[in-house]
$ cat upload-v6.pdb   # PDB, C-alpha atoms and all ligand atoms
ATOM      1  CA  MET A   1     -14.641  -2.334  19.304  1.00  0.00           C
ATOM      2  CA  LYS A   2     -11.436  -2.597  17.329  1.00  0.00           C
ATOM      3  CA  VAL A   3      -8.280  -0.649  16.525  1.00  0.00           C
ATOM      4  CA  ALA A   4      -6.971  -0.131  12.999  1.00  0.00           C
ATOM      5  CA  ILE A   5      -3.189  -0.039  12.624  1.00  0.00           C
ATOM      6  CA  VAL A   6      -2.306   1.759   9.400  1.00  0.00           C
ATOM      7  CA  MET A   7       1.195   2.314   8.033  1.00  0.00           C
ATOM      8  CA  GLY A   8       2.533   4.096   4.997  1.00  0.00           C
ATOM      9  CA  SER A   9       4.746   1.220   3.867  1.00  0.00           C
ATOM     10  CA  SER A  10       5.501  -2.372   4.748  1.00  0.00           C
ATOM     11  CA  SER A  11       8.947  -1.014   5.692  1.00  0.00           C
ATOM     12  CA  ASP A  12       7.224   0.542   8.741  1.00  0.00           C
ATOM     13  CA  TRP A  13       6.147  -2.856  10.068  1.00  0.00           C
ATOM     14  CA  PRO A  14       9.254  -3.581  12.221  1.00  0.00           C
ATOM     15  CA  THR A  15       8.178  -0.554  14.275  1.00  0.00           C
ATOM     16  CA  MET A  16       4.419  -0.888  13.978  1.00  0.00           C
ATOM     17  CA  LYS A  17       4.428  -4.544  14.931  1.00  0.00           C
ATOM     18  CA  LEU A  18       5.218  -3.398  18.473  1.00  0.00           C
ATOM     19  CA  ALA A  19       1.818  -1.686  18.537  1.00  0.00           C
ATOM     20  CA  ALA A  20       0.265  -4.911  17.305  1.00  0.00           C
ATOM     21  CA  ALA A  21       2.077  -6.922  19.970  1.00  0.00           C
ATOM     22  CA  GLN A  22       0.904  -4.596  22.736  1.00  0.00           C
ATOM     23  CA  LEU A  23      -2.702  -4.728  21.540  1.00  0.00           C
ATOM     24  CA  THR A  24      -2.467  -8.513  21.412  1.00  0.00           C
ATOM     25  CA  ALA A  25      -1.139  -8.572  24.982  1.00  0.00           C
ATOM     26  CA  LEU A  26      -4.172  -6.538  26.069  1.00  0.00           C
ATOM     27  CA  ALA A  27      -6.566  -8.784  24.089  1.00  0.00           C
ATOM     28  CA  ILE A  28      -7.748  -5.837  21.980  1.00  0.00           C
ATOM     29  CA  PRO A  29      -8.864  -6.767  18.440  1.00  0.00           C
ATOM     30  CA  PHE A  30      -7.111  -4.956  15.612  1.00  0.00           C
ATOM     31  CA  THR A  31      -6.641  -4.930  11.875  1.00  0.00           C
ATOM     32  CA  LYS A  32      -3.475  -3.903  10.029  1.00  0.00           C
ATOM     33  CA  HIS A  33      -3.162  -2.081   6.718  1.00  0.00           C
ATOM     34  CA  VAL A  34      -0.548  -0.618   4.375  1.00  0.00           C
ATOM     35  CA  ILE A  35      -1.996   2.593   2.931  1.00  0.00           C
ATOM     36  CA  SER A  36       0.497   5.026   1.442  1.00  0.00           C
ATOM     37  CA  ALA A  37      -0.725   8.631   1.556  1.00  0.00           C
ATOM     38  CA  HIS A  38       1.092   9.586  -1.638  1.00  0.00           C
ATOM     39  CA  ARG A  39       0.895   6.276  -3.537  1.00  0.00           C
ATOM     40  CA  MET A  40      -2.687   5.361  -2.571  1.00  0.00           C
ATOM     41  CA  PRO A  41      -4.496   8.680  -1.993  1.00  0.00           C
ATOM     42  CA  ALA A  42      -7.931   7.412  -3.027  1.00  0.00           C
ATOM     43  CA  GLU A  43      -7.712   4.400  -0.710  1.00  0.00           C
ATOM     44  CA  LEU A  44      -6.523   6.687   2.114  1.00  0.00           C
ATOM     45  CA  THR A  45      -9.648   8.842   1.712  1.00  0.00           C
ATOM     46  CA  ARG A  46     -11.963   5.827   1.498  1.00  0.00           C
ATOM     47  CA  PHE A  47     -10.418   4.203   4.557  1.00  0.00           C
ATOM     48  CA  GLY A  48     -10.750   7.340   6.676  1.00  0.00           C
ATOM     49  CA  GLN A  49     -14.317   7.997   5.595  1.00  0.00           C
ATOM     50  CA  GLN A  50     -15.466   4.388   6.141  1.00  0.00           C
ATOM     51  CA  ALA A  51     -13.560   3.570   9.330  1.00  0.00           C
ATOM     52  CA  ARG A  52     -16.290   4.454  11.840  1.00  0.00           C
ATOM     53  CA  ALA A  53     -18.984   2.633   9.863  1.00  0.00           C
ATOM     54  CA  GLU A  54     -16.716  -0.416   9.698  1.00  0.00           C
ATOM     55  CA  GLY A  55     -16.500  -0.593  13.486  1.00  0.00           C
ATOM     56  CA  VAL A  56     -13.119   1.012  14.071  1.00  0.00           C
ATOM     57  CA  SER A  57     -12.872   2.938  17.371  1.00  0.00           C
ATOM     58  CA  VAL A  58      -9.289   4.231  17.214  1.00  0.00           C
ATOM     59  CA  ILE A  59      -6.785   4.523  14.350  1.00  0.00           C
ATOM     60  CA  ILE A  60      -3.045   4.141  14.956  1.00  0.00           C
ATOM     61  CA  ALA A  61      -1.134   5.541  11.979  1.00  0.00           C
ATOM     62  CA  GLY A  62       2.630   5.190  11.502  1.00  0.00           C
ATOM     63  CA  ALA A  63       4.597   6.917   8.763  1.00  0.00           C
ATOM     64  CA  GLY A  64       8.089   8.188   8.079  1.00  0.00           C
ATOM     65  CA  GLY A  65       9.709  11.143   6.345  1.00  0.00           C
ATOM     66  CA  ALA A  66       7.149  13.578   4.958  1.00  0.00           C
ATOM     67  CA  ALA A  67       4.575  11.710   6.991  1.00  0.00           C
ATOM     68  CA  HIS A  68       1.176  12.875   5.724  1.00  0.00           C
ATOM     69  CA  LEU A  69      -0.674   9.668   6.571  1.00  0.00           C
ATOM     70  CA  PRO A  70      -1.881  10.378  10.131  1.00  0.00           C
ATOM     71  CA  GLY A  71      -2.957  13.914   9.327  1.00  0.00           C
ATOM     72  CA  MET A  72      -4.802  12.942   6.161  1.00  0.00           C
ATOM     73  CA  LEU A  73      -6.571  10.086   7.940  1.00  0.00           C
ATOM     74  CA  ALA A  74      -7.585  12.554  10.651  1.00  0.00           C
ATOM     75  CA  ALA A  75      -8.862  14.885   7.921  1.00  0.00           C
ATOM     76  CA  ASN A  76     -11.203  12.133   6.757  1.00  0.00           C
ATOM     77  CA  THR A  77     -12.609  10.948  10.091  1.00  0.00           C
ATOM     78  CA  THR A  78     -13.589  12.245  13.515  1.00  0.00           C
ATOM     79  CA  LEU A  79     -12.295   9.076  15.189  1.00  0.00           C
ATOM     80  CA  PRO A  80      -9.183   9.541  17.348  1.00  0.00           C
ATOM     81  CA  VAL A  81      -6.017   9.175  15.269  1.00  0.00           C
ATOM     82  CA  ILE A  82      -2.760   8.372  17.066  1.00  0.00           C
ATOM     83  CA  GLY A  83       0.368   9.122  15.051  1.00  0.00           C
ATOM     84  CA  VAL A  84       3.611   7.173  15.286  1.00  0.00           C
ATOM     85  CA  PRO A  85       6.654   8.900  13.743  1.00  0.00           C
ATOM     86  CA  ILE A  86       8.859   6.246  12.124  1.00  0.00           C
ATOM     87  CA  LYS A  87      12.602   6.643  12.694  1.00  0.00           C
ATOM     88  CA  THR A  88      14.280   7.510   9.383  1.00  0.00           C
ATOM     89  CA  ARG A  89      17.885   6.997   8.283  1.00  0.00           C
ATOM     90  CA  THR A  90      18.347  10.526   6.969  1.00  0.00           C
ATOM     91  CA  LEU A  91      16.944  12.613   9.839  1.00  0.00           C
ATOM     92  CA  ASN A  92      16.428  10.032  12.609  1.00  0.00           C
ATOM     93  CA  GLY A  93      12.659  10.502  12.526  1.00  0.00           C
ATOM     94  CA  VAL A  94      12.656  14.182  13.459  1.00  0.00           C
ATOM     95  CA  ASP A  95      11.200  14.756   9.982  1.00  0.00           C
ATOM     96  CA  SER A  96       8.431  12.235  10.726  1.00  0.00           C
ATOM     97  CA  LEU A  97       7.785  13.719  14.164  1.00  0.00           C
ATOM     98  CA  LEU A  98       7.467  17.293  12.994  1.00  0.00           C
ATOM     99  CA  SER A  99       5.279  16.444  10.025  1.00  0.00           C
ATOM    100  CA  ILE A 100       2.883  14.472  12.250  1.00  0.00           C
ATOM    101  CA  VAL A 101       2.819  16.657  15.351  1.00  0.00           C
ATOM    102  CA  GLN A 102       2.480  20.069  13.704  1.00  0.00           C
ATOM    103  CA  MET A 103      -1.149  19.780  12.621  1.00  0.00           C
ATOM    104  CA  PRO A 104      -2.879  23.123  12.138  1.00  0.00           C
ATOM    105  CA  GLY A 105      -5.577  23.841  14.720  1.00  0.00           C
ATOM    106  CA  GLY A 106      -8.824  22.050  13.863  1.00  0.00           C
ATOM    107  CA  VAL A 107      -7.658  18.548  12.896  1.00  0.00           C
ATOM    108  CA  PRO A 108      -5.819  16.872  15.777  1.00  0.00           C
ATOM    109  CA  VAL A 109      -3.444  13.901  15.667  1.00  0.00           C
ATOM    110  CA  GLY A 110      -2.326  12.527  19.033  1.00  0.00           C
ATOM    111  CA  THR A 111       1.389  12.179  18.372  1.00  0.00           C
ATOM    112  CA  MET A 112       3.616   9.658  20.130  1.00  0.00           C
ATOM    113  CA  ALA A 113       7.406   9.445  20.473  1.00  0.00           C
ATOM    114  CA  ILE A 114       9.643   8.519  17.516  1.00  0.00           C
ATOM    115  CA  GLY A 115      10.051   4.811  16.849  1.00  0.00           C
ATOM    116  CA  ASP A 116       9.580   1.779  19.077  1.00  0.00           C
ATOM    117  CA  ALA A 117       8.422   3.596  22.227  1.00  0.00           C
ATOM    118  CA  GLY A 118       5.922   5.517  20.160  1.00  0.00           C
ATOM    119  CA  ALA A 119       4.465   2.345  18.651  1.00  0.00           C
ATOM    120  CA  THR A 120       4.100   0.684  22.044  1.00  0.00           C
ATOM    121  CA  ASN A 121       2.599   3.803  23.588  1.00  0.00           C
ATOM    122  CA  ALA A 122       0.195   4.213  20.668  1.00  0.00           C
ATOM    123  CA  ALA A 123      -1.324   0.854  21.578  1.00  0.00           C
ATOM    124  CA  LEU A 124      -1.441   1.730  25.268  1.00  0.00           C
ATOM    125  CA  PHE A 125      -3.019   5.095  24.518  1.00  0.00           C
ATOM    126  CA  ALA A 126      -5.601   3.446  22.276  1.00  0.00           C
ATOM    127  CA  ALA A 127      -6.332   1.070  25.149  1.00  0.00           C
ATOM    128  CA  SER A 128      -6.790   4.021  27.511  1.00  0.00           C
ATOM    129  CA  ILE A 129      -9.371   5.493  25.137  1.00  0.00           C
ATOM    130  CA  LEU A 130     -11.201   2.168  24.823  1.00  0.00           C
ATOM    131  CA  SER A 131     -11.090   1.671  28.606  1.00  0.00           C
ATOM    132  CA  ILE A 132     -13.568   4.548  29.032  1.00  0.00           C
ATOM    133  CA  ASP A 133     -16.340   2.216  27.872  1.00  0.00           C
ATOM    134  CA  SER A 134     -14.729  -1.168  28.552  1.00  0.00           C
ATOM    135  CA  PRO A 135     -14.158  -2.406  32.112  1.00  0.00           C
ATOM    136  CA  ALA A 136     -12.317  -5.410  30.643  1.00  0.00           C
ATOM    137  CA  VAL A 137      -9.768  -3.207  28.889  1.00  0.00           C
ATOM    138  CA  ALA A 138      -9.464  -1.024  32.013  1.00  0.00           C
ATOM    139  CA  ALA A 139      -8.649  -4.129  34.055  1.00  0.00           C
ATOM    140  CA  LYS A 140      -6.059  -5.291  31.515  1.00  0.00           C
ATOM    141  CA  LEU A 141      -4.416  -1.875  31.551  1.00  0.00           C
ATOM    142  CA  ALA A 142      -4.317  -1.803  35.357  1.00  0.00           C
ATOM    143  CA  ALA A 143      -2.721  -5.264  35.401  1.00  0.00           C
ATOM    144  CA  PHE A 144      -0.152  -4.132  32.834  1.00  0.00           C
ATOM    145  CA  ARG A 145       0.780  -1.119  34.974  1.00  0.00           C
ATOM    146  CA  ASP A 146       1.032  -3.266  38.115  1.00  0.00           C
ATOM    147  CA  ALA A 147       3.320  -5.752  36.375  1.00  0.00           C
ATOM    148  CA  GLN A 148       5.474  -2.914  35.041  1.00  0.00           C
ATOM    149  CA  THR A 149       5.788  -1.412  38.525  1.00  0.00           C
ATOM    150  CA  HIS A 150       6.687  -4.793  40.001  1.00  0.00           C
ATOM    151  CA  GLN A 151       9.324  -5.343  37.305  1.00  0.00           C
ATOM    152  CA  ALA A 152      10.896  -1.935  37.992  1.00  0.00           C
ATOM    153  CA  GLU A 153      10.984  -2.585  41.731  1.00  0.00           C
ATOM    154  CA  GLU A 154      12.607  -5.977  41.209  1.00  0.00           C
ATOM    155  CA  SER A 155      15.211  -4.582  38.768  1.00  0.00           C
ATOM    156  CA  GLU A 156      17.306  -3.030  41.559  1.00  0.00           C
ATOM    157  CA  ALA A 157      18.305  -6.505  42.698  1.00  0.00           C
ATOM    158  CA  LEU A 158      19.809  -7.169  39.239  1.00  0.00           C
ATOM    159  CA  LEU A 159      22.343  -4.323  39.422  1.00  0.00           C
ATOM    160  CA  ASP A 160      26.015  -5.288  39.400  1.00  0.00           C
ATOM    161  CA  GLU A 161      28.036  -4.353  42.465  1.00  0.00           C
TER
HETATM  162  C1  LIG A 201       6.493   6.704   4.102  1.00  0.00           C
HETATM  163  O1  LIG A 201       7.695   6.656   3.430  1.00  0.00           O
HETATM  164  C2  LIG A 201       6.360   5.394   4.799  1.00  0.00           C
HETATM  165  O2  LIG A 201       5.595   5.542   5.955  1.00  0.00           O
HETATM  166  C3  LIG A 201       7.775   4.986   5.090  1.00  0.00           C
HETATM  167  O3  LIG A 201       8.140   5.287   6.436  1.00  0.00           O
HETATM  168  C4  LIG A 201       8.590   5.840   4.138  1.00  0.00           C
HETATM  169  C5  LIG A 201       9.437   5.020   3.198  1.00  0.00           C
HETATM  170  O4  LIG A 201       8.594   4.147   2.497  1.00  0.00           O
HETATM  171  P1  LIG A 201       9.214   3.045   1.513  1.00  0.00           P
HETATM  172  O5  LIG A 201       9.998   3.790   0.468  1.00  0.00           O
HETATM  173  O6  LIG A 201      10.090   2.136   2.382  1.00  0.00           O
HETATM  174  O7  LIG A 201       8.047   2.296   0.950  1.00  0.00           O
HETATM  175  O8  LIG A 201       5.422   6.899   3.240  1.00  0.00           O
END

$ encode --input "upload-v6.pdb" --output "structure tokens" --more "lines below"
Ligand code: RP5
Amino acid sequence: MKVAIVMGSSSDWPTMKLAAAQLTALAIPFTKHVISAHRMPAELTRFGQQARAEGVSVIIAGAGGAAHLPGMLAANTTLPVIGVPIKTRTLNGVDSLLSIVQMPGGVPVGTMAIGDAGATNAALFAASILSIDSPAVAAKLAAFRDAQTHQAEESEALLDE
């Protein structure tokens, strides 16, 4: 059981490393890869087609701009693909969001929010999928939620008067 984090460019890493950090916090094994859809199309196809045989359970794919990567990975595998729209300087990531979320019916990509929240939630969503067959991951997720609730409850005491 492992997650593959794929990104279109090393410039996506400041965002995608939040997915890596969240998976690490949940003790979920992962690998990380730079595979550009337009600069490395053959490798993109190979990766998608081999992922299941190589033991990947879920793919998290982050890309920005004309973000073909998640959709093209999904076209080459029946594993769940979770898309993370990278925030761009020109269009604030709305370009990334729309190009990832608007998959034609038949090849789904589970699309997260733009940017940091999307990367974190991609890891948590991958964990939710893995928790179906892993009591250990389910327990880690439950503990994470409990800690988050506790932190929110305690935050009221930190408000200025
Ligand atoms: C996309 O183009 C990548 O996912 C990245 O978000 C964007 C810019 O890539 P670089 O020009 O920084 O390599 O493919």

$ residues_around --input "upload-v6.pdb" --residues "Ala4 of chain A" --least-positions-apart "4" --cutoff "6 Å" --atoms "only C-alpha atoms" --output "list in words"
Phe30, Thr31, Lys32 and Ile59 of chain A

$ atom_distance --input "upload-v6.pdb" --atom1 "atom CA of Val109 of chain A" --atom2 "atom C2 of ligand LIG 201 (chain A)"
16.9 Å

$ closest_atom_pairs --input "upload-v6.pdb" --of "segment 59-80 of chain A" --to "segment 100-105 of chain A" --cutoff "7 Å" --atoms "all atoms listed in the file" --output "CSV"
residue,atom,partner,partner_atom,distance
A:Ala67,CA,A:Ile100,CA,6.2
A:His68,CA,A:Ile100,CA,6.9
A:Pro70,CA,A:Ile100,CA,6.6
A:Gly71,CA,A:Ile100,CA,6.6

$ write_last_selection --input "upload-v6.pdb" --atoms "C-alpha atoms" --output "compact mmCIF listing (two decimals), keeping the file's coordinate frame"
# COMPACT_ATOMS: atom_id res chain seq x y z
CA ALA A 67 4.58 11.71 6.99
CA HIS A 68 1.18 12.88 5.72
CA PRO A 70 -1.88 10.38 10.13
CA GLY A 71 -2.96 13.91 9.33

$ atom_distance --input "upload-v6.pdb" --atom1 "atom CA of Arg46 of chain A" --atom2 "atom CA of Ser11 of chain A"
22.4 Å

$ closest_residue --input "upload-v6.pdb" --among "A:Leu159, A:Ala147, A:Val84, A:Ala53" --to "ligand LIG 201 (chain A)" --atoms "only C-alpha atoms and all ligand atoms"
A:Val84

$ resolve_selection --input "upload-v6.pdb" --expression "the PyMOL selection byres (((not hetatm)) within 7 of (chain A and resi 201))" --output "PyMOL selection string"
chain A and resi 7-12+36-37+62-67+86

$ closest_residue --input "upload-v6.pdb" --among "A:Leu26, A:Val34, A:Val107, A:Ile82" --to "Ala142 of chain A" --atoms "all atoms listed in the file"
A:Leu26

$ residues_near_point --input "upload-v6.pdb" --point "(-2.0, 3.0, 24.5)" --cutoff "10 Å" --atoms "all atoms listed in the file" --output "list in words"
Ala19, Gln22, Leu23, Leu26, Ile60, Ile82, Met112, Gly118, Ala119, Thr120, Asn121, Ala122, Ala123, Leu124, Phe125, Ala126, Ala127, Ser128, Ile129, Leu130 and Leu141 of chain A

$ write_last_selection --input "upload-v6.pdb" --atoms "C-alpha atoms" --output "PDB file, in the frame of the given file"
ATOM      1  CA  ALA A  19       1.818  -1.686  18.537  1.00  0.00           C
ATOM      2  CA  GLN A  22       0.904  -4.596  22.736  1.00  0.00           C
ATOM      3  CA  LEU A  23      -2.702  -4.728  21.540  1.00  0.00           C
ATOM      4  CA  LEU A  26      -4.172  -6.538  26.069  1.00  0.00           C
ATOM      5  CA  ILE A  60      -3.045   4.141  14.956  1.00  0.00           C
ATOM      6  CA  ILE A  82      -2.760   8.372  17.066  1.00  0.00           C
ATOM      7  CA  MET A 112       3.616   9.658  20.130  1.00  0.00           C
ATOM      8  CA  GLY A 118       5.922   5.517  20.160  1.00  0.00           C
ATOM      9  CA  ALA A 119       4.465   2.345  18.651  1.00  0.00           C
ATOM     10  CA  THR A 120       4.100   0.684  22.044  1.00  0.00           C
ATOM     11  CA  ASN A 121       2.599   3.803  23.588  1.00  0.00           C
ATOM     12  CA  ALA A 122       0.195   4.213  20.668  1.00  0.00           C
ATOM     13  CA  ALA A 123      -1.324   0.854  21.578  1.00  0.00           C
ATOM     14  CA  LEU A 124      -1.441   1.730  25.268  1.00  0.00           C
ATOM     15  CA  PHE A 125      -3.019   5.095  24.518  1.00  0.00           C
ATOM     16  CA  ALA A 126      -5.601   3.446  22.276  1.00  0.00           C
ATOM     17  CA  ALA A 127      -6.332   1.070  25.149  1.00  0.00           C
ATOM     18  CA  SER A 128      -6.790   4.021  27.511  1.00  0.00           C
ATOM     19  CA  ILE A 129      -9.371   5.493  25.137  1.00  0.00           C
ATOM     20  CA  LEU A 130     -11.201   2.168  24.823  1.00  0.00           C
ATOM     21  CA  LEU A 141      -4.416  -1.875  31.551  1.00  0.00           C
TER      22      LEU A 141
END

$ closest_atom_pairs --input "upload-v6.pdb" --of "segment 25-64 of chain A" --to "segment 134-138 of chain A" --cutoff "12 Å" --atoms "all atoms listed in the file" --output "tab-separated table"
residue	atom	partner	partner_atom	distance
A:Ala25	CA	A:Val137	CA	10.9
A:Leu26	CA	A:Val137	CA	7.1
A:Ala27	CA	A:Val137	CA	8.0
A:Ile28	CA	A:Val137	CA	7.7
A:Pro29	CA	A:Val137	CA	11.1

$ residues_around --input "upload-v6.pdb" --residues "Gln50 of chain A" --least-positions-apart "4" --cutoff "12 Å" --atoms "all atoms listed in the file" --output "PyMOL selection string"
chain A and resi 4+43-46+54-57+59+73+76-79

$ decode --input "upload-v6.pdb" --residues "segment 86-101 of chain A" --atoms "N, CA and C atoms" --output "mmCIF file, in the first residue's frame"
data_model
loop_
_atom_site.group_PDB
_atom_site.id
_atom_site.type_symbol
_atom_site.label_atom_id
_atom_site.label_comp_id
_atom_site.auth_asym_id
_atom_site.auth_seq_id
_atom_site.Cartn_x
_atom_site.Cartn_y
_atom_site.Cartn_z
ATOM 1 N N ILE A 86 -2.440 23.725 -8.903
ATOM 2 C CA ILE A 86 -1.392 24.603 -8.376
ATOM 3 C C ILE A 86 -1.783 26.061 -8.621
ATOM 4 N N LYS A 87 -1.573 26.900 -7.614
ATOM 5 C CA LYS A 87 -1.870 28.330 -7.767
ATOM 6 C C LYS A 87 -0.864 28.947 -8.738
ATOM 7 N N THR A 88 -1.360 29.651 -9.742
ATOM 8 C CA THR A 88 -0.491 30.265 -10.748
ATOM 9 C C THR A 88 -0.441 31.782 -10.550
ATOM 10 N N ARG A 89 0.618 32.391 -11.083
ATOM 11 C CA ARG A 89 0.754 33.854 -10.943
ATOM 12 C C ARG A 89 -0.194 34.594 -11.877
ATOM 13 N N THR A 90 -0.438 34.028 -13.048
ATOM 14 C CA THR A 90 -1.249 34.742 -14.041
ATOM 15 C C THR A 90 -2.740 34.716 -13.698
ATOM 16 N N LEU A 91 -3.255 33.547 -13.339
ATOM 17 C CA LEU A 91 -4.707 33.403 -13.139
ATOM 18 C C LEU A 91 -5.053 32.836 -11.757
ATOM 19 N N ASN A 92 -4.097 32.908 -10.841
ATOM 20 C CA ASN A 92 -4.338 32.479 -9.450
ATOM 21 C C ASN A 92 -4.766 31.027 -9.298
ATOM 22 N N GLY A 93 -4.517 30.216 -10.301
ATOM 23 C CA GLY A 93 -4.845 28.787 -10.188
ATOM 24 C C GLY A 93 -6.235 28.431 -10.667
ATOM 25 N N VAL A 94 -7.024 29.428 -11.076
ATOM 26 C CA VAL A 94 -8.342 29.106 -11.632
ATOM 27 C C VAL A 94 -8.168 28.326 -12.937
ATOM 28 N N ASP A 95 -7.102 28.670 -13.683
ATOM 29 C CA ASP A 95 -6.780 27.907 -14.897
ATOM 30 C C ASP A 95 -6.498 26.436 -14.555
ATOM 31 N N SER A 96 -5.684 26.226 -13.517
ATOM 32 C CA SER A 96 -5.351 24.860 -13.095
ATOM 33 C C SER A 96 -6.608 24.121 -12.648
ATOM 34 N N LEU A 97 -7.413 24.803 -11.831
ATOM 35 C CA LEU A 97 -8.632 24.182 -11.302
ATOM 36 C C LEU A 97 -9.553 23.722 -12.426
ATOM 37 N N LEU A 98 -9.831 24.631 -13.346
ATOM 38 C CA LEU A 98 -10.795 24.291 -14.393
ATOM 39 C C LEU A 98 -10.272 23.196 -15.317
ATOM 40 N N SER A 99 -8.963 23.214 -15.578
ATOM 41 C CA SER A 99 -8.439 22.194 -16.484
ATOM 42 C C SER A 99 -8.333 20.827 -15.809
ATOM 43 N N ILE A 100 -8.340 20.792 -14.475
ATOM 44 C CA ILE A 100 -8.320 19.493 -13.788
ATOM 45 C C ILE A 100 -9.737 19.002 -13.501
ATOM 46 N N VAL A 101 -10.606 19.916 -13.093
ATOM 47 C CA VAL A 101 -11.929 19.481 -12.620
ATOM 48 C C VAL A 101 -12.879 19.133 -13.760
#
